[in-house]
Amino acid sequence: MASAIIGGLVAQDFPADDIIVANPGLGRRLQLSEKFGVHTTDSVAEAVSEALVVVLAVKPDVLSLVLQEIAAADAIKDRLFISVVAGKPLKVFEKILGADASIVRTMPNTPALVGSGATGLFANKNVSEAHLSTAVALMSAVGICVPLDSEADLDTVTALSGTGPAYFFLLMEEMIKAGEELGLARDVARALTLQTALGAAELAVSSDEDPAALRRRVTSPNGTTEQAIGSLMSSGFGPLIEQAIRKARRRAAELAGS
């Protein structure tokens, strides 16, 4: 995710010379430096000492160690901390960085890797309007970014858009399988399914109508679409999707301890 954010910023003409990346692996540092032209270091303290905006894109199991290094470097005041660490609530950061630290917690999703991400964002009470605008602009470099009213909403965002790509991948998987079983070659079924998914998403994004209206427009009475949609709905498709998202939200809340 860090690489996606860096790539998004550079693609939007943010100066690569103003970005410094801390990573313990020499190979990874060289890769990022060569690809994006950013500065790199193996020292967290060095990176944060030169930055007013600190993006925390680390694995959850090393977060505490990284935060302790930042605290030890006395590099907290006047800085904005943006977390893309899954499942770690604000209280985890505030416990180590202090109650006065300005912290934004985000929940992006994997399409951010191709610049089409969807991110939910919540800021603690110390974050100024200027800092909030900075955080939104930064995460918008990899897609859309939506500020939220409460931290608990991030659990819903996790279940909806964070986990959401897998729901669509599963639908694609089953459509491809059905196409094969009905006689299409796999590569044909795959190409048609993926292009249909892409086209439907682009049509929905570009249209002023909501998805329900778009669905009704292509559902002719007694036609093929009506037969397919009727089969899905009679099988409990709608309630099943809601149940899946509720279960994902419950698990997200459990993992975050919220």
# chains A, B, ... in the order shown; residues from 1 in each chain; ligands from 1
call {"tool": "residues_around", "arguments": {"residues": "Thr40 of chain A", "least_positions_apart": "2", "cutoff": "6 Å", "atoms": "only C-alpha atoms", "output": "PDB file with all heavy atoms, in the first residue's frame"}}
result
ATOM      1  N   ILE A  20      10.449  10.750   1.839  1.00  0.00           N
ATOM      2  CA  ILE A  20      11.491   9.884   2.395  1.00  0.00           C
ATOM      3  C   ILE A  20      10.830   8.628   2.951  1.00  0.00           C
ATOM      4  O   ILE A  20       9.816   8.706   3.647  1.00  0.00           O
ATOM      5  CB  ILE A  20      12.321  10.606   3.483  1.00  0.00           C
ATOM      6  CG1 ILE A  20      13.427   9.679   3.998  1.00  0.00           C
ATOM      7  CG2 ILE A  20      11.456  11.137   4.617  1.00  0.00           C
ATOM      8  CD1 ILE A  20      14.475  10.378   4.842  1.00  0.00           C
ATOM      9  N   VAL A  21      11.371   7.487   2.592  1.00  0.00           N
ATOM     10  CA  VAL A  21      10.787   6.198   2.957  1.00  0.00           C
ATOM     11  C   VAL A  21      11.729   5.450   3.893  1.00  0.00           C
ATOM     12  O   VAL A  21      12.922   5.295   3.596  1.00  0.00           O
ATOM     13  CB  VAL A  21      10.529   5.326   1.708  1.00  0.00           C
ATOM     14  CG1 VAL A  21       9.891   4.001   2.111  1.00  0.00           C
ATOM     15  CG2 VAL A  21       9.652   6.069   0.714  1.00  0.00           C
ATOM     16  N   ALA A  22      11.184   4.990   5.017  1.00  0.00           N
ATOM     17  CA  ALA A  22      11.958   4.176   5.952  1.00  0.00           C
ATOM     18  C   ALA A  22      11.578   2.712   5.766  1.00  0.00           C
ATOM     19  O   ALA A  22      10.397   2.360   5.815  1.00  0.00           O
ATOM     20  CB  ALA A  22      11.696   4.605   7.388  1.00  0.00           C
ATOM     21  N   ARG A  29      14.486  -0.737  -0.423  1.00  0.00           N
ATOM     22  CA  ARG A  29      14.822   0.691  -0.488  1.00  0.00           C
ATOM     23  C   ARG A  29      15.364   1.053  -1.863  1.00  0.00           C
ATOM     24  O   ARG A  29      14.987   2.072  -2.453  1.00  0.00           O
ATOM     25  CB  ARG A  29      15.836   1.056   0.596  1.00  0.00           C
ATOM     26  CG  ARG A  29      15.308   0.940   2.014  1.00  0.00           C
ATOM     27  CD  ARG A  29      16.141   1.749   2.998  1.00  0.00           C
ATOM     28  NE  ARG A  29      17.556   1.420   2.970  1.00  0.00           N
ATOM     29  CZ  ARG A  29      18.116   0.435   3.680  1.00  0.00           C
ATOM     30  NH1 ARG A  29      17.355  -0.339   4.456  1.00  0.00           N
ATOM     31  NH2 ARG A  29      19.418   0.205   3.618  1.00  0.00           N
TER      32      ARG A  29
END
call {"tool": "residues_around", "arguments": {"residues": "Met172 of chain A", "least_positions_apart": "3", "cutoff": "12 Å", "atoms": "only C-alpha atoms", "output": "list in words"}}
result
Pro165, Ala166, Tyr167, Phe168, Phe169, Met175, Ile176, Lys177, Ala178, Gly179, Ala189, Arg190, Ala191, Leu192, Thr193, Leu194, Gln195, Thr196, Ala197 and Leu198 of chain A
call {"tool": "write_last_selection", "arguments": {"atoms": "C-alpha atoms", "output": "short mmCIF file (atom, residue, chain, number, x, y, z; two decimals), in the first residue's frame"}}
result
data_model
loop_
_atom_site.label_atom_id
_atom_site.label_comp_id
_atom_site.auth_asym_id
_atom_site.auth_seq_id
_atom_site.Cartn_x
_atom_site.Cartn_y
_atom_site.Cartn_z
CA PRO A 165 -13.26 -6.46 -3.83
CA ALA A 166 -13.41 -10.11 -2.78
CA TYR A 167 -17.19 -10.11 -3.19
CA PHE A 168 -16.85 -8.98 -6.79
CA PHE A 169 -13.98 -11.40 -7.44
CA MET A 175 -19.72 -16.28 -13.75
CA ILE A 176 -16.60 -17.61 -15.47
CA LYS A 177 -17.31 -21.07 -14.11
CA ALA A 178 -20.92 -20.94 -15.35
CA GLY A 179 -19.77 -19.80 -18.80
CA ALA A 189 -15.67 -16.73 -20.45
CA ARG A 190 -13.00 -14.87 -18.48
CA ALA A 191 -12.58 -12.05 -21.01
CA LEU A 192 -16.33 -11.49 -21.31
CA THR A 193 -16.89 -11.61 -17.54
CA LEU A 194 -14.09 -9.19 -16.64
CA GLN A 195 -15.02 -6.70 -19.37
CA THR A 196 -18.66 -6.88 -18.27
CA ALA A 197 -17.66 -6.15 -14.66
CA LEU A 198 -15.46 -3.25 -15.75
#
call {"tool": "residues_around", "arguments": {"residues": "Leu30 of chain A", "least_positions_apart": "5", "cutoff": "10 Å", "atoms": "only C-alpha atoms", "output": "CSV table (one decimal) with N, CA and C atoms, in the first residue's frame"}}
result
chain,number,residue,atom,x,y,z
A,25,GLY,N,14.8,-3.1,4.8
A,25,GLY,CA,15.3,-3.9,3.7
A,25,GLY,C,16.1,-3.1,2.6
A,35,LYS,N,12.6,3.3,-8.7
A,35,LYS,CA,11.3,3.4,-9.4
A,35,LYS,C,10.7,4.8,-9.3
A,37,GLY,N,12.3,7.6,-7.4
A,37,GLY,CA,13.2,8.7,-7.2
A,37,GLY,C,13.1,9.4,-5.8
A,38,VAL,N,12.5,8.6,-4.9
A,38,VAL,CA,12.4,9.1,-3.5
A,38,VAL,C,13.6,8.8,-2.7
A,39,HIS,N,13.8,9.5,-1.6
A,39,HIS,CA,14.8,9.3,-0.6
A,39,HIS,C,14.5,8.1,0.2
A,40,THR,N,15.4,7.3,0.7
A,40,THR,CA,15.2,6.2,1.5
A,40,THR,C,16.2,6.1,2.7
A,41,THR,N,15.8,5.4,3.7
A,41,THR,CA,16.6,5.2,4.9
A,41,THR,C,16.2,4.0,5.6
call {"tool": "closest_residue", "arguments": {"among": "A:Val62, A:Leu80, A:Ile241, A:Ala252", "to": "Glu151 of chain A", "atoms": "only C-alpha atoms"}}
result
A:Ala252
call {"tool": "closest_residue", "arguments": {"among": "A:Gly230, A:Gly257, A:Pro15, A:Pro108", "to": "Thr163 of chain A", "atoms": "only C-alpha atoms"}}
result
A:Pro108
call {"tool": "closest_residue", "arguments": {"among": "A:Leu171, A:Leu26, A:Val127, A:Ala86", "to": "Leu255 of chain A", "atoms": "only C-alpha atoms"}}
result
A:Ala86
call {"tool": "residues_around", "arguments": {"residues": "segment 152-161 of chain A", "least_positions_apart": "4", "cutoff": "7 Å", "atoms": "only C-alpha atoms", "output": "number ranges by chain"}}
result
A: 107, 109, 118, 120, 148, 165, 245, 248-249, 252-253
call {"tool": "select_by_dssp", "arguments": {"residues": "segment 34-200 of chain A", "states": "helix (DSSP H, G or I)", "output": "VMD selection string"}}
result
chain A and resid 34 to 36 44 to 49 60 to 72 90 to 97 110 to 114 129 to 142 153 to 162 164 to 181 186 to 200
call {"tool": "residues_around", "arguments": {"residues": "Leu63 of chain A", "least_positions_apart": "3", "cutoff": "10 Å", "atoms": "only C-alpha atoms", "output": "PyMOL selection string"}}
result
chain A and resi 56-60+66-69+83+85+88+92-93
call {"tool": "write_last_selection", "arguments": {"atoms": "N, CA, C and O atoms", "output": "PDB file, in the first residue's frame"}}
result
ATOM      1  N   LEU A  56       1.983   5.796   8.148  1.00  0.00           N
ATOM      2  CA  LEU A  56       2.350   4.538   8.794  1.00  0.00           C
ATOM      3  C   LEU A  56       1.742   3.387   8.004  1.00  0.00           C
ATOM      4  O   LEU A  56       0.558   3.075   8.140  1.00  0.00           O
ATOM      5  N   ALA A  57       2.551   2.785   7.148  1.00  0.00           N
ATOM      6  CA  ALA A  57       2.113   1.671   6.309  1.00  0.00           C
ATOM      7  C   ALA A  57       2.984   0.468   6.647  1.00  0.00           C
ATOM      8  O   ALA A  57       3.879   0.095   5.895  1.00  0.00           O
ATOM      9  N   VAL A  58       2.719  -0.110   7.809  1.00  0.00           N
ATOM     10  CA  VAL A  58       3.522  -1.233   8.296  1.00  0.00           C
ATOM     11  C   VAL A  58       2.597  -2.379   8.669  1.00  0.00           C
ATOM     12  O   VAL A  58       1.383  -2.209   8.798  1.00  0.00           O
ATOM     13  N   LYS A  59       3.178  -3.552   8.863  1.00  0.00           N
ATOM     14  CA  LYS A  59       2.388  -4.701   9.286  1.00  0.00           C
ATOM     15  C   LYS A  59       1.954  -4.499  10.741  1.00  0.00           C
ATOM     16  O   LYS A  59       2.712  -3.945  11.542  1.00  0.00           O
ATOM     17  N   PRO A  60       0.747  -4.946  11.084  1.00  0.00           N
ATOM     18  CA  PRO A  60       0.240  -4.732  12.448  1.00  0.00           C
ATOM     19  C   PRO A  60       1.165  -5.239  13.545  1.00  0.00           C
ATOM     20  O   PRO A  60       1.256  -4.633  14.622  1.00  0.00           O
ATOM     21  N   VAL A  66       7.513   0.419  15.800  1.00  0.00           N
ATOM     22  CA  VAL A  66       7.694   1.620  14.983  1.00  0.00           C
ATOM     23  C   VAL A  66       7.243   2.861  15.748  1.00  0.00           C
ATOM     24  O   VAL A  66       7.928   3.887  15.756  1.00  0.00           O
ATOM     25  N   LEU A  67       6.097   2.771  16.416  1.00  0.00           N
ATOM     26  CA  LEU A  67       5.597   3.907  17.189  1.00  0.00           C
ATOM     27  C   LEU A  67       6.539   4.261  18.333  1.00  0.00           C
ATOM     28  O   LEU A  67       6.761   5.442  18.639  1.00  0.00           O
ATOM     29  N   GLN A  68       7.116   3.249  18.941  1.00  0.00           N
ATOM     30  CA  GLN A  68       8.074   3.498  20.028  1.00  0.00           C
ATOM     31  C   GLN A  68       9.326   4.197  19.516  1.00  0.00           C
ATOM     32  O   GLN A  68       9.879   5.081  20.185  1.00  0.00           O
ATOM     33  N   GLU A  69       9.772   3.846  18.319  1.00  0.00           N
ATOM     34  CA  GLU A  69      10.922   4.522  17.725  1.00  0.00           C
ATOM     35  C   GLU A  69      10.612   5.984  17.442  1.00  0.00           C
ATOM     36  O   GLU A  69      11.453   6.868  17.629  1.00  0.00           O
ATOM     37  N   SER A  83      -2.471   6.586   9.393  1.00  0.00           N
ATOM     38  CA  SER A  83      -2.322   5.133   9.484  1.00  0.00           C
ATOM     39  C   SER A  83      -3.098   4.422   8.387  1.00  0.00           C
ATOM     40  O   SER A  83      -4.264   4.717   8.143  1.00  0.00           O
ATOM     41  N   VAL A  85      -2.764   1.035   8.680  1.00  0.00           N
ATOM     42  CA  VAL A  85      -2.592  -0.258   9.337  1.00  0.00           C
ATOM     43  C   VAL A  85      -3.969  -0.829   9.679  1.00  0.00           C
ATOM     44  O   VAL A  85      -4.727  -0.235  10.445  1.00  0.00           O
ATOM     45  N   LYS A  88      -6.107  -1.547  13.657  1.00  0.00           N
ATOM     46  CA  LYS A  88      -5.493  -0.887  14.805  1.00  0.00           C
ATOM     47  C   LYS A  88      -6.205   0.440  15.076  1.00  0.00           C
ATOM     48  O   LYS A  88      -6.070   1.389  14.316  1.00  0.00           O
ATOM     49  N   VAL A  92      -4.558   2.801  20.121  1.00  0.00           N
ATOM     50  CA  VAL A  92      -3.249   2.137  20.063  1.00  0.00           C
ATOM     51  C   VAL A  92      -2.153   3.159  19.768  1.00  0.00           C
ATOM     52  O   VAL A  92      -1.075   3.141  20.378  1.00  0.00           O
ATOM     53  N   PHE A  93      -2.444   4.081  18.842  1.00  0.00           N
ATOM     54  CA  PHE A  93      -1.477   5.117  18.476  1.00  0.00           C
ATOM     55  C   PHE A  93      -1.335   6.150  19.590  1.00  0.00           C
ATOM     56  O   PHE A  93      -0.226   6.570  19.935  1.00  0.00           O
TER      57      PHE A  93
END
call {"tool": "atom_distance", "arguments": {"atom1": "atom CA of Val218 of chain A", "atom2": "atom CA of Ala201 of chain A"}}
result
14.6 Å
call {"tool": "decode", "arguments": {"residues": "segment 230-242 of chain A", "atoms": "all heavy atoms", "output": "tab-separated table (two decimals), in the first residue's frame"}}
result
chain	number	residue	atom	x	y	z
A	230	GLY	N	-34.57	-12.63	-11.30
A	230	GLY	CA	-35.61	-13.30	-10.52
A	230	GLY	C	-35.06	-14.52	-9.79
A	230	GLY	O	-35.41	-14.77	-8.64
A	231	SER	N	-34.20	-15.26	-10.47
A	231	SER	CA	-33.60	-16.44	-9.84
A	231	SER	C	-32.72	-16.05	-8.66
A	231	SER	O	-32.77	-16.66	-7.59
A	231	SER	CB	-32.77	-17.21	-10.88
A	231	SER	OG	-32.11	-18.31	-10.29
A	232	LEU	N	-31.92	-14.99	-8.85
A	232	LEU	CA	-31.05	-14.52	-7.77
A	232	LEU	C	-31.86	-14.04	-6.56
A	232	LEU	O	-31.57	-14.39	-5.41
A	232	LEU	CB	-30.15	-13.38	-8.27
A	232	LEU	CG	-29.03	-13.76	-9.23
A	232	LEU	CD1	-28.36	-12.51	-9.80
A	232	LEU	CD2	-27.98	-14.64	-8.54
A	233	MET	N	-32.87	-13.23	-6.82
A	233	MET	CA	-33.65	-12.66	-5.72
A	233	MET	C	-34.46	-13.73	-4.99
A	233	MET	O	-34.58	-13.68	-3.76
A	233	MET	CB	-34.56	-11.55	-6.24
A	233	MET	CG	-33.81	-10.39	-6.89
A	233	MET	SD	-32.51	-9.67	-5.83
A	233	MET	CE	-33.53	-8.83	-4.62
A	234	SER	N	-35.01	-14.68	-5.71
A	234	SER	CA	-35.79	-15.75	-5.07
A	234	SER	C	-34.91	-16.66	-4.23
A	234	SER	O	-35.40	-17.35	-3.33
A	234	SER	CB	-36.55	-16.57	-6.12
A	234	SER	OG	-35.65	-17.27	-6.97
A	235	SER	N	-33.61	-16.65	-4.53
A	235	SER	CA	-32.65	-17.45	-3.76
A	235	SER	C	-32.10	-16.68	-2.55
A	235	SER	O	-31.21	-17.17	-1.86
A	235	SER	CB	-31.49	-17.88	-4.66
A	235	SER	OG	-31.96	-18.70	-5.72
A	236	GLY	N	-32.62	-15.47	-2.34
A	236	GLY	CA	-32.19	-14.69	-1.18
A	236	GLY	C	-30.91	-13.92	-1.38
A	236	GLY	O	-30.15	-13.67	-0.44
A	237	PHE	N	-30.65	-13.50	-2.63
A	237	PHE	CA	-29.39	-12.80	-2.95
A	237	PHE	C	-29.20	-11.54	-2.10
A	237	PHE	O	-28.13	-11.33	-1.53
A	237	PHE	CB	-29.37	-12.44	-4.44
A	237	PHE	CG	-28.09	-11.83	-4.91
A	237	PHE	CD1	-26.96	-12.61	-5.10
A	237	PHE	CD2	-28.01	-10.46	-5.15
A	237	PHE	CE1	-25.77	-12.04	-5.54
A	237	PHE	CE2	-26.83	-9.89	-5.59
A	237	PHE	CZ	-25.70	-10.68	-5.79
A	238	GLY	N	-30.24	-10.70	-2.01
A	238	GLY	CA	-30.11	-9.45	-1.26
A	238	GLY	C	-29.80	-9.68	0.21
A	238	GLY	O	-28.81	-9.15	0.73
A	239	PRO	N	-30.64	-10.45	0.93
A	239	PRO	CA	-30.35	-10.73	2.33
A	239	PRO	C	-29.00	-11.42	2.55
A	239	PRO	O	-28.35	-11.20	3.58
A	239	PRO	CB	-31.52	-11.65	2.75
A	239	PRO	CG	-32.62	-11.26	1.83
A	239	PRO	CD	-31.95	-10.97	0.51
A	240	LEU	N	-28.59	-12.25	1.60
A	240	LEU	CA	-27.31	-12.94	1.73
A	240	LEU	C	-26.14	-11.96	1.70
A	240	LEU	O	-25.20	-12.07	2.49
A	240	LEU	CB	-27.16	-13.97	0.60
A	240	LEU	CG	-25.95	-14.90	0.68
A	240	LEU	CD1	-26.00	-15.75	1.95
A	240	LEU	CD2	-25.87	-15.78	-0.55
A	241	ILE	N	-26.22	-10.96	0.80
A	241	ILE	CA	-25.18	-9.94	0.73
A	241	ILE	C	-25.14	-9.13	2.02
A	241	ILE	O	-24.07	-8.85	2.58
A	241	ILE	CB	-25.41	-9.02	-0.48
A	241	ILE	CG1	-25.24	-9.80	-1.79
A	241	ILE	CG2	-24.45	-7.83	-0.44
A	241	ILE	CD1	-23.86	-10.38	-2.00
A	242	GLU	N	-26.32	-8.75	2.51
A	242	GLU	CA	-26.38	-7.97	3.77
A	242	GLU	C	-25.79	-8.77	4.92
A	242	GLU	O	-25.04	-8.25	5.75
A	242	GLU	CB	-27.82	-7.58	4.08
A	242	GLU	CG	-27.91	-6.75	5.36
A	242	GLU	CD	-29.34	-6.37	5.72
A	242	GLU	OE1	-30.26	-6.68	4.93
A	242	GLU	OE2	-29.54	-5.77	6.80
